[in-house]
Amino acid sequence: MSTLSSETTKGLSSQAYLDSKPVNSTKELVAELCRHFYTLGWVSGTGGSITIKVHEDSIPKSQQLIVMSPSGVQKERMVSEDMYVLSSEGSILFTPSPKPYPNKLPKCTDCASLFMKMRNAGAVIHSHGMESCIATMIRPKAKEFRISHMEMIKGIQGHGYYDELVIPIIENTAHEGELTDSLAEAIKAYPKATAVLVRNHGIYVWGDSWISAKTQAECYHYLFDAAIKLHQLGLDWSTPSHGPIGQAEKLLDADSDTSGIVKVGAPNGNHVHVPVQRCILLDIEGTTTPISFVTDVLFPYARNKMEKHLIATYDTTETQEDIELLRSQVEDDVNQGLSTLPIPPADAGKEEVIMSLVANVNEMIRADRKVTALKQLQGHIWRTGYQKNELEGFVFEDVPKALEKWHVTGIKVYIYSSGSREAQRLIFGNSNYGDLRKYLCGFFDTTVGHKREARSYSEISQSVGVDKPSEILFLTDVFQEAVAAKAAGLEVIISVRPGNAPLPENHEFKTVRSFLDI
C-alpha cells in the first residue's frame with residue numbers, strides 16, 4: 001500500500017487542510033446524518049455517535065483524517081463546527097469551541113478508541129436504537145444474534161437471502177471506552193461481521209464508506225425490529241421457517257435421552273449417536289446426491305452445451321469474468337509446469353478464444369479438476385439448463401426427511417461443495433423433492449479454501465459463528481476431506497452411498513448409509 005511522505009502527512013494536520021472543502025464537507029455530512037438518525041431514535045438523549053473518514057482518492061484510507069461527533073450533546077442541533085477532527089492515529093487536531101450555558105463543554109466521544117478497532121472502516125455508526133437494545137435482551141445468555149431467510153439480509157455486506165446473519169454480542173460496561181478489548185476480540189472472532197451488538201446498550205456498525213455503513217445500519221435495525229415482532233407473535237426468528245417458538249425444544253425432548261445425545265430414528269432401528277450439534281455441514285457429491293448424477297448428468301450437459309453457451313453469452317459481463325478467471329487458472333497451471341493450452345488474449349478473435357476455452361475446460365472436466373474457474377462456468381451453464389427444464393437436481397430419498405427434521409429442531413444446515421455456490425443452490429432449489437433451500441442456511445464453495453485443507457474448515461467454523469469447531473458435524477464421502485475436517489476440530493461422519501469410492505481399512509470414522517441413521 002502506498003504511503004505519504006512526512007511532509008504530506010504533516011500537511012494533513014495543517015490549518016489550511018483542516019479548513020479545506022473535503023474536511024468541511026465531511027463535518028457537514030456528520031451533522032446532517034445526526035439530525036436524520038435522531039428522527040429514527042438512534043441518537044436521542046445525546047447518545048450514539050457517527051464517525052466518518054475524510055475521503056480523498058490521493059490519500060490512502062489508513063492515513064485519512066477522521067471526523068467524529070462529540071459526546072453528550074443534542075445530536076439533532078449540531079452543526080459542522082461542533083465536530084472533532086482526529087488524525088489517522090487518533091490524536092485530536094481540531095476541538096470545537098465551547099458554547100454558552102446551558103450547553104456542556106465539548107467532549108470527544110468515548111467511541112474514539114473503538115473506531116480504531118473497526119476492520120477497514122471508512123465510517124462507523126454507533127446507535128442506541130431501541131431495536132438494537134431489545135434484540136440483545138430477549139435471550140439474555142446468547143452470545144450472538146442469528147437470523148436467516150429475511151430479504152433485508154441482502155443489504156448486509158457479504159450476505160444473501162439464504163445466508164445466516166450472525167452478529168456477536170458483547171457485555172456492556174459502565175464506560176464506553178472500556179468496551180475496546182471485548183470489541184476487538186469480537187471483531188477478530190467474527191471475520192465476516194460488520195457490526196457488534198452491546199447488550200442493553202446498542203450497536204456499532206461499520207462500512208468502507210458512509211453509504212455502506214448507513215445502508216447496513218438501516219438493514220440491521222429492520223432485522224432487529226422483525227425479530228422482536230416475530231418473538232411477540234410466538235415465532236422463532238432464528239430458524240429459516242420462523243416457526244413457533246418451542247417447536248424445536250419439544251422435538252428435541254422427544255428424541256433425546258438423558259445423556260444429552262440426540263437420536264434420529266431410522267427404519268431399521270440403527271443409529272449413530274453424536275453429541276447435539278449447532279450446525280451440520282454437508283458435502284453434495286456422494287453424500288446428498290449420487291456421484292453418478294454429477295458424472296453422468298451434470299458434467300456431460302456442461303460439456304455438450306459449453307460452446308453454444310460461450311457463443312451466445314460471449315459479450316456479457318458475466319461470461320467475460322468467467323473467461324478471465326479461466327485465463328488466470330491456465331496461467332497458474334503453466335507456472336506450475338502443467339501441460340495446458342494457453343488462452344488467447346482478449347483482443348484475439350472470438351472464435352479463437354472460444355475454441356481454446358472449450359479445449360481447456362473439457363480437459364479440466366475430464367480430469368475432474370476442483371478449481372473455482374471451472375465450477376463457476378459450469379454453474380452458469382447449468383443455470384440455463386434448469387431454467388429450460390432440461391435439468392432437475394437429484395438427492396437421495398432420506399435427504400429431505402433429514403433436512404426437515406434438523407430444521408424444526410433448530411439445527412442450522414450448510415452446504416460445502418467444490419461446485420460453485422450457484423450450482424449448489426440450483427441442485428437444491430430444483431430437486432426431485434422440490435425446493436429444499438428453505439432448510440439450508442448457507443453455501444460454501446472452494447473460494448473459502450480447498451476441501452482437503454484443514455484451514456478451510458477453520459474458516460467455515462468462524463463464518464457460521466459457533467463457539468468451537470466441535471459444534472459442527474461434517475458429512476462427506478471423501479476420506480481426505482474427513483481427515484482435514486477432523487484436524488480442524490469438527491465432528492465427522494462418512495457417508496457410504498452406492499457408487500462411492502471404497503474407504504481405507506481401519507479409518508476409524510463413524511459411517512452412515514442414510515442421514516436417518518444419525
# chains A, B, ... in the order shown; residues from 1 in each chain; ligands from 1
>>> closest_atom_pairs(of="range 391-462 of chain A", to="range 295-310 of chain A", cutoff="12 Å", atoms="only C-alpha atoms", output="CSV")
residue,atom,partner,partner_atom,distance
A:Leu391,CA,A:Leu298,CA,8.2
A:Glu392,CA,A:Val297,CA,9.6
A:Gly393,CA,A:Leu298,CA,9.3
A:Phe394,CA,A:Val297,CA,10.1
A:Gly419,CA,A:Leu298,CA,10.9
A:Ala423,CA,A:Leu298,CA,10.1
A:Gln424,CA,A:Leu298,CA,12.0
A:Leu426,CA,A:Leu298,CA,11.5
A:Ile427,CA,A:Leu298,CA,10.2
>>> write_last_selection(atoms="N, CA and C atoms", output="short mmCIF file (atom, residue, chain, number, x, y, z; two decimals), in the first residue's frame")
data_model
loop_
_atom_site.label_atom_id
_atom_site.label_comp_id
_atom_site.auth_asym_id
_atom_site.auth_seq_id
_atom_site.Cartn_x
_atom_site.Cartn_y
_atom_site.Cartn_z
N LEU A 391 -32.74 -29.80 -16.93
CA LEU A 391 -32.06 -30.42 -15.79
C LEU A 391 -32.98 -30.43 -14.58
N GLU A 392 -32.83 -31.44 -13.75
CA GLU A 392 -33.51 -31.49 -12.45
C GLU A 392 -32.51 -32.02 -11.43
N GLY A 393 -32.38 -31.32 -10.31
CA GLY A 393 -31.48 -31.77 -9.26
C GLY A 393 -31.94 -33.10 -8.68
N PHE A 394 -30.97 -33.82 -8.09
CA PHE A 394 -31.31 -35.13 -7.54
C PHE A 394 -30.66 -35.29 -6.18
N GLY A 419 -18.41 -27.58 -6.12
CA GLY A 419 -19.22 -26.85 -7.08
C GLY A 419 -19.49 -25.44 -6.60
N ALA A 423 -24.24 -23.26 -8.31
CA ALA A 423 -24.57 -24.63 -8.71
C ALA A 423 -25.21 -25.40 -7.56
N GLN A 424 -24.75 -25.14 -6.33
CA GLN A 424 -25.32 -25.79 -5.16
C GLN A 424 -26.79 -25.39 -4.98
N LEU A 426 -28.79 -24.36 -7.21
CA LEU A 426 -29.59 -24.90 -8.30
C LEU A 426 -30.01 -26.34 -8.03
N ILE A 427 -29.09 -27.16 -7.52
CA ILE A 427 -29.42 -28.56 -7.23
C ILE A 427 -30.53 -28.65 -6.19
#
>>> atom_distance(atom1="CA of Ile203 in chain A", atom2="CA of His231 in chain A")
19.9 Å
>>> select_by_dssp(residues="range 347-436 of chain A", states="strand (DSSP E)", output="JSON, numbers by chain")
{"A": [412, 413, 414, 415, 416]}
>>> write_last_selection(atoms="N, CA and C atoms", output="PDB file, in the first residue's frame")
ATOM      1  N   LYS A 412     -28.817 -25.658  12.361  1.00  0.00           N
ATOM      2  CA  LYS A 412     -28.515 -24.954  11.121  1.00  0.00           C
ATOM      3  C   LYS A 412     -27.763 -25.891  10.179  1.00  0.00           C
ATOM      4  N   VAL A 413     -28.163 -25.931   8.924  1.00  0.00           N
ATOM      5  CA  VAL A 413     -27.547 -26.808   7.938  1.00  0.00           C
ATOM      6  C   VAL A 413     -26.916 -25.963   6.827  1.00  0.00           C
ATOM      7  N   TYR A 414     -25.660 -26.268   6.525  1.00  0.00           N
ATOM      8  CA  TYR A 414     -24.914 -25.569   5.474  1.00  0.00           C
ATOM      9  C   TYR A 414     -24.392 -26.586   4.465  1.00  0.00           C
ATOM     10  N   ILE A 415     -24.099 -26.100   3.276  1.00  0.00           N
ATOM     11  CA  ILE A 415     -23.533 -26.941   2.221  1.00  0.00           C
ATOM     12  C   ILE A 415     -22.096 -26.492   1.950  1.00  0.00           C
ATOM     13  N   TYR A 416     -21.198 -27.470   1.777  1.00  0.00           N
ATOM     14  CA  TYR A 416     -19.816 -27.174   1.377  1.00  0.00           C
ATOM     15  C   TYR A 416     -19.446 -28.133   0.262  1.00  0.00           C
TER      16      TYR A 416
END
>>> residues_around(residues="range 331-342 of chain A", least_positions_apart="4", cutoff="9 Å", atoms="only C-alpha atoms", output="JSON, numbers by chain")
{"A": [326, 327, 356, 357, 359, 360, 363]}
>>> residues_around(residues="Tyr204 in chain A", least_positions_apart="5", cutoff="8 Å", atoms="only C-alpha atoms", output="PyMOL selection string")
chain A and resi 124-127+195-197
>>> closest_residue(among="A:Asn500, A:Thr95, A:Ser25, A:Thr194", to="Ile156 in chain A", atoms="only C-alpha atoms")
A:Thr194
>>> closest_atom_pairs(of="range 257-368 of chain A", to="range 467-487 of chain A", cutoff="8 Å", atoms="only C-alpha atoms", output="JSON lines")
{"residue": "A:Val276", "atom": "CA", "partner": "A:Glu471", "partner_atom": "CA", "distance": 7.7}
{"residue": "A:Gln277", "atom": "CA", "partner": "A:Glu471", "partner_atom": "CA", "distance": 4.9}
{"residue": "A:Arg278", "atom": "CA", "partner": "A:Glu471", "partner_atom": "CA", "distance": 5.5}
{"residue": "A:Cys279", "atom": "CA", "partner": "A:Ile472", "partner_atom": "CA", "distance": 4.8}
{"residue": "A:Ile280", "atom": "CA", "partner": "A:Leu473", "partner_atom": "CA", "distance": 4.7}
{"residue": "A:Leu281", "atom": "CA", "partner": "A:Phe474", "partner_atom": "CA", "distance": 4.6}
{"residue": "A:Leu282", "atom": "CA", "partner": "A:Leu475", "partner_atom": "CA", "distance": 5.1}
{"residue": "A:Asp283", "atom": "CA", "partner": "A:Thr476", "partner_atom": "CA", "distance": 5.1}
{"residue": "A:Ile284", "atom": "CA", "partner": "A:Thr476", "partner_atom": "CA", "distance": 7.8}
{"residue": "A:Glu285", "atom": "CA", "partner": "A:Asp477", "partner_atom": "CA", "distance": 7.9}
{"residue": "A:Gly286", "atom": "CA", "partner": "A:Asp477", "partner_atom": "CA", "distance": 5.6}
{"residue": "A:Thr287", "atom": "CA", "partner": "A:Thr476", "partner_atom": "CA", "distance": 5.7}
>>> write_last_selection(atoms="C-alpha atoms", output="compact mmCIF listing (two decimals), in the first residue's frame")
# COMPACT_ATOMS: atom_id res chain seq x y z
CA VAL A 276 -26.01 -32.34 19.95
CA GLN A 277 -24.60 -30.09 17.21
CA ARG A 278 -25.48 -26.48 16.48
CA CYS A 279 -24.61 -26.83 12.78
CA ILE A 280 -24.40 -29.59 10.19
CA LEU A 281 -22.16 -29.15 7.15
CA LEU A 282 -22.99 -31.33 4.15
CA ASP A 283 -20.97 -32.35 1.12
CA ILE A 284 -23.04 -32.95 -2.04
CA GLU A 285 -21.46 -35.46 -4.43
CA GLY A 286 -21.61 -38.92 -2.85
CA THR A 287 -23.31 -37.55 0.29
>>> closest_residue(among="A:Asp163, A:Glu491, A:Glu218, A:Asp19", to="Phe37 in chain A", atoms="only C-alpha atoms")
A:Glu218
>>> select_by_dssp(residues="range 287-464 of chain A", states="alpha helix (DSSP H)", output="PyMOL selection string")
chain A and resi 291-293+299-313+317-335+350-366+372-387+398-408+421-429+454-463
>>> closest_residue(among="A:Gln376, A:Ser97, A:Gln74, A:Ser209", to="His55 in chain A", atoms="only C-alpha atoms")
A:Ser209
>>> closest_residue(among="A:Leu440, A:Val79, A:Ile211, A:Ile169", to="Pro240 in chain A", atoms="only C-alpha atoms")
A:Leu440
>>> closest_residue(among="A:Val512, A:Ile134, A:Ala174, A:Ala217", to="Arg199 in chain A", atoms="only C-alpha atoms")
A:Ile134
